[in-house]
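Following: one structure in structure tokens, then a few remarks.
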Amino acid sequence: MSESISKHSVKTAWVMVLFTIVGTLALALMHAQTQQPISQAEQETRMRLFGQVLSHDAYDNPLLQDNITIPAGGMLNNRESTELYRARLQGKPAAVVLQATAPDGYSGDIKLLVAIDKDGKVLGVRVIAHRETPGLGDYIDIAHSDWIRNFDAQSLQKTNDEGWHVKKDGGQFDFVTGATITPRAVIKAVHKALKFYADHQQAIFETPSGQTLAQ
């Protein structure tokens with residue numbers, strides 16, 4: 001009787017092992033079949049977003065593959081490490097696309113995507129995440145206002161440090177009456193992004209792809 005029970009237990013165990021193996025293989029196959037379409041969709045979404053700040057004719061290299069890691073903190077104020085993408089034209093540096101964070105928005109962090117050409121000129125800025133008050137703070141979003149285009153063609157050479165403020169504070173940037181905290185935060189973040197680029201320009205383009213920028 002005990003021998004029969006033992007044989008049954010062994011048989012049951014092998015059946016369970018077999019089902020586990022089959023189930024694992026099925027999940028692995030499903031993952032392999034879905035991973036590529038998901039990854040491709042993410043890349044397409046990213047490239048569409050990049051296209052808002054960087055013209056497609058400004059580079060001829062595979063942008064998503066020419067990237068380096070930027071550690072959290074520093075002048076860009078990102079809470080986690082982020083990727084910086086390098087645009088090149090005929091093998092020469094053309095521009096960068098990076099993420100910066102304004103930590104002092106009215107309702108918290110304002111995350112920005114910033115494109116800067118090789119000479120330190122802003123090509124475009126977009127807000128990619130914020131929690132500012134609807135109707136007041138959301139004018140920084142291109143979907144609601146063209147205000148963010150005020151940064152196009154700006155640079156540290158064109159506008160000195162004193163100019164990187166809202167007009168109310170003696171600077172040159174417009175703002176919506178009653179909502180100065182939000183633009184102040186964004187202006188400061190873009191200004192710091194330009195300074196970050198100026199301080200690390202050579203290292204940015206010389207760091208091997210896939211590695212972390214030394215700061």
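To be explicit about the labels: the chains of the structure tokens are called A, B, and onward in the order shown, and within each one the residues are counted from 1, while ligands get numbers from 1 in the order they are shown.
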
For region 137-140 of chain A: contacts at 12 Å, only C-alpha atoms, fewer than 2 positions along chain excluded, given as JSON, numbers by chain: {"A": [105, 106, 107, 108, 110, 111, 112, 125, 126, 127, 128, 129, 130, 131, 132, 133, 134, 135, 142, 143, 144, 145, 146, 147, 148, 149, 150, 151, 174, 175, 176, 177, 178, 179, 180, 181, 182, 183, 184, 185, 186, 187]}

Please produce a file of the residues just selected, as a compact mmCIF listing (two decimals), in the first residue's frame, where the atoms kept are N, CA and C atoms.
```txt
# COMPACT_ATOMS: atom_id res chain seq x y z
N GLY A 105 8.22 73.85 -8.46
CA GLY A 105 6.94 74.25 -9.03
C GLY A 105 5.91 74.47 -7.93
N TYR A 106 4.81 75.09 -8.26
CA TYR A 106 3.78 75.39 -7.25
C TYR A 106 3.25 74.12 -6.59
N SER A 107 3.11 73.04 -7.40
CA SER A 107 2.57 71.78 -6.86
C SER A 107 3.57 70.64 -6.93
N GLY A 108 4.85 70.97 -7.01
CA GLY A 108 5.86 69.91 -7.03
C GLY A 108 6.73 69.95 -8.28
N ILE A 110 8.36 69.74 -11.87
CA ILE A 110 7.99 69.95 -13.28
C ILE A 110 9.12 69.36 -14.10
N LYS A 111 8.81 68.32 -14.87
CA LYS A 111 9.84 67.65 -15.66
C LYS A 111 9.87 68.21 -17.07
N LEU A 112 11.08 68.49 -17.55
CA LEU A 112 11.26 69.13 -18.84
C LEU A 112 12.13 68.29 -19.77
N VAL A 125 12.02 73.34 -25.85
CA VAL A 125 11.74 72.86 -24.49
C VAL A 125 10.29 72.39 -24.45
N ARG A 126 10.05 71.26 -23.81
CA ARG A 126 8.69 70.78 -23.60
C ARG A 126 8.53 70.30 -22.17
N VAL A 127 7.39 70.57 -21.60
CA VAL A 127 7.05 70.02 -20.28
C VAL A 127 6.51 68.62 -20.50
N ILE A 128 7.11 67.63 -19.84
CA ILE A 128 6.66 66.26 -20.03
C ILE A 128 5.89 65.71 -18.82
N ALA A 129 5.92 66.44 -17.71
CA ALA A 129 5.11 66.04 -16.55
C ALA A 129 5.04 67.20 -15.57
N HIS A 130 3.85 67.46 -15.05
CA HIS A 130 3.67 68.49 -14.02
C HIS A 130 2.33 68.29 -13.32
N ARG A 131 2.19 68.96 -12.18
CA ARG A 131 0.94 68.90 -11.41
C ARG A 131 0.49 70.31 -11.03
N GLU A 132 0.79 71.27 -11.90
CA GLU A 132 0.43 72.65 -11.59
C GLU A 132 -1.08 72.85 -11.67
N THR A 133 -1.54 73.92 -11.07
CA THR A 133 -2.98 74.19 -10.99
C THR A 133 -3.58 74.39 -12.38
N PRO A 134 -4.59 73.60 -12.74
CA PRO A 134 -5.25 73.76 -14.05
C PRO A 134 -5.79 75.18 -14.22
N GLY A 135 -5.57 75.74 -15.39
CA GLY A 135 -6.08 77.08 -15.67
C GLY A 135 -5.08 78.17 -15.33
N ILE A 142 2.63 72.96 -23.89
CA ILE A 142 2.43 73.38 -25.28
C ILE A 142 1.01 73.12 -25.76
N ALA A 143 0.31 72.20 -25.12
CA ALA A 143 -1.06 71.88 -25.52
C ALA A 143 -2.03 73.01 -25.15
N HIS A 144 -1.60 73.89 -24.23
CA HIS A 144 -2.47 74.97 -23.77
C HIS A 144 -1.97 76.35 -24.15
N SER A 145 -0.68 76.47 -24.43
CA SER A 145 -0.11 77.80 -24.68
C SER A 145 1.22 77.67 -25.42
N ASP A 146 1.61 78.75 -26.08
CA ASP A 146 2.92 78.80 -26.75
C ASP A 146 4.00 79.39 -25.86
N TRP A 147 3.68 79.59 -24.57
CA TRP A 147 4.63 80.23 -23.66
C TRP A 147 5.98 79.54 -23.66
N ILE A 148 6.01 78.22 -23.71
CA ILE A 148 7.25 77.47 -23.62
C ILE A 148 8.19 77.77 -24.79
N ARG A 149 7.64 78.32 -25.87
CA ARG A 149 8.47 78.66 -27.02
C ARG A 149 9.34 79.89 -26.76
N ASN A 150 9.12 80.57 -25.64
CA ASN A 150 9.97 81.71 -25.27
C ASN A 150 11.43 81.31 -25.13
N PHE A 151 11.68 80.02 -24.92
CA PHE A 151 13.05 79.56 -24.74
C PHE A 151 13.76 79.25 -26.06
N ASP A 174 8.09 86.66 -20.04
CA ASP A 174 6.70 86.96 -19.70
C ASP A 174 6.15 85.93 -18.72
N PHE A 175 5.04 86.28 -18.06
CA PHE A 175 4.39 85.37 -17.14
C PHE A 175 2.92 85.71 -17.07
N VAL A 176 2.14 84.79 -16.55
CA VAL A 176 0.71 85.03 -16.39
C VAL A 176 0.48 85.64 -15.02
N THR A 177 -0.23 86.76 -14.98
CA THR A 177 -0.50 87.45 -13.72
C THR A 177 -1.17 86.50 -12.72
N GLY A 178 -0.63 86.47 -11.50
CA GLY A 178 -1.19 85.61 -10.47
C GLY A 178 -0.59 84.22 -10.46
N ALA A 179 0.33 83.96 -11.39
CA ALA A 179 0.93 82.62 -11.46
C ALA A 179 2.41 82.75 -11.81
N THR A 180 3.19 83.27 -10.85
CA THR A 180 4.61 83.50 -11.12
C THR A 180 5.50 82.35 -10.64
N ILE A 181 5.02 81.56 -9.71
CA ILE A 181 5.85 80.48 -9.17
C ILE A 181 6.21 79.47 -10.26
N THR A 182 5.21 79.12 -11.06
CA THR A 182 5.44 78.12 -12.11
C THR A 182 6.47 78.58 -13.14
N PRO A 183 6.32 79.74 -13.76
CA PRO A 183 7.33 80.16 -14.74
C PRO A 183 8.70 80.38 -14.12
N ARG A 184 8.75 80.86 -12.89
CA ARG A 184 10.04 81.03 -12.22
C ARG A 184 10.78 79.70 -12.16
N ALA A 185 10.05 78.66 -11.80
CA ALA A 185 10.65 77.33 -11.67
C ALA A 185 11.16 76.82 -13.00
N VAL A 186 10.37 76.99 -14.05
CA VAL A 186 10.75 76.49 -15.38
C VAL A 186 11.94 77.28 -15.92
N ILE A 187 11.90 78.59 -15.80
CA ILE A 187 13.00 79.43 -16.28
C ILE A 187 14.31 79.04 -15.60
```

Shell around Asp117 (chain A) at 6 Å using only C-alpha atoms, local window under 3 positions removed, as an NGL selection string: :A and (94-95 or 120-121)

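The shortest atom-to-atom distance to Gly210 (chain A), with only C-alpha atoms taken into account, belongs to A:Glu83 out of A:Glu83, A:Glu44, A:Glu162, A:Asp57.
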
9 Å contact set for Thr207 (chain A), only C-alpha atoms, chain neighbours under 6 positions out, as a list in words: Ile68, Leu213 and Ala214 of chain A

DSSP alpha helix (DSSP H) residues within region 18-157 of chain A, as a ChimeraX atom specification: /A:18-50

Which of region 24-181 of chain A DSSP labels strand (DSSP E or B), written as a ChimeraX atom specification: /A:67-70,73,78,82-89,92-105,108-117,121-129,155,166,173,176,179
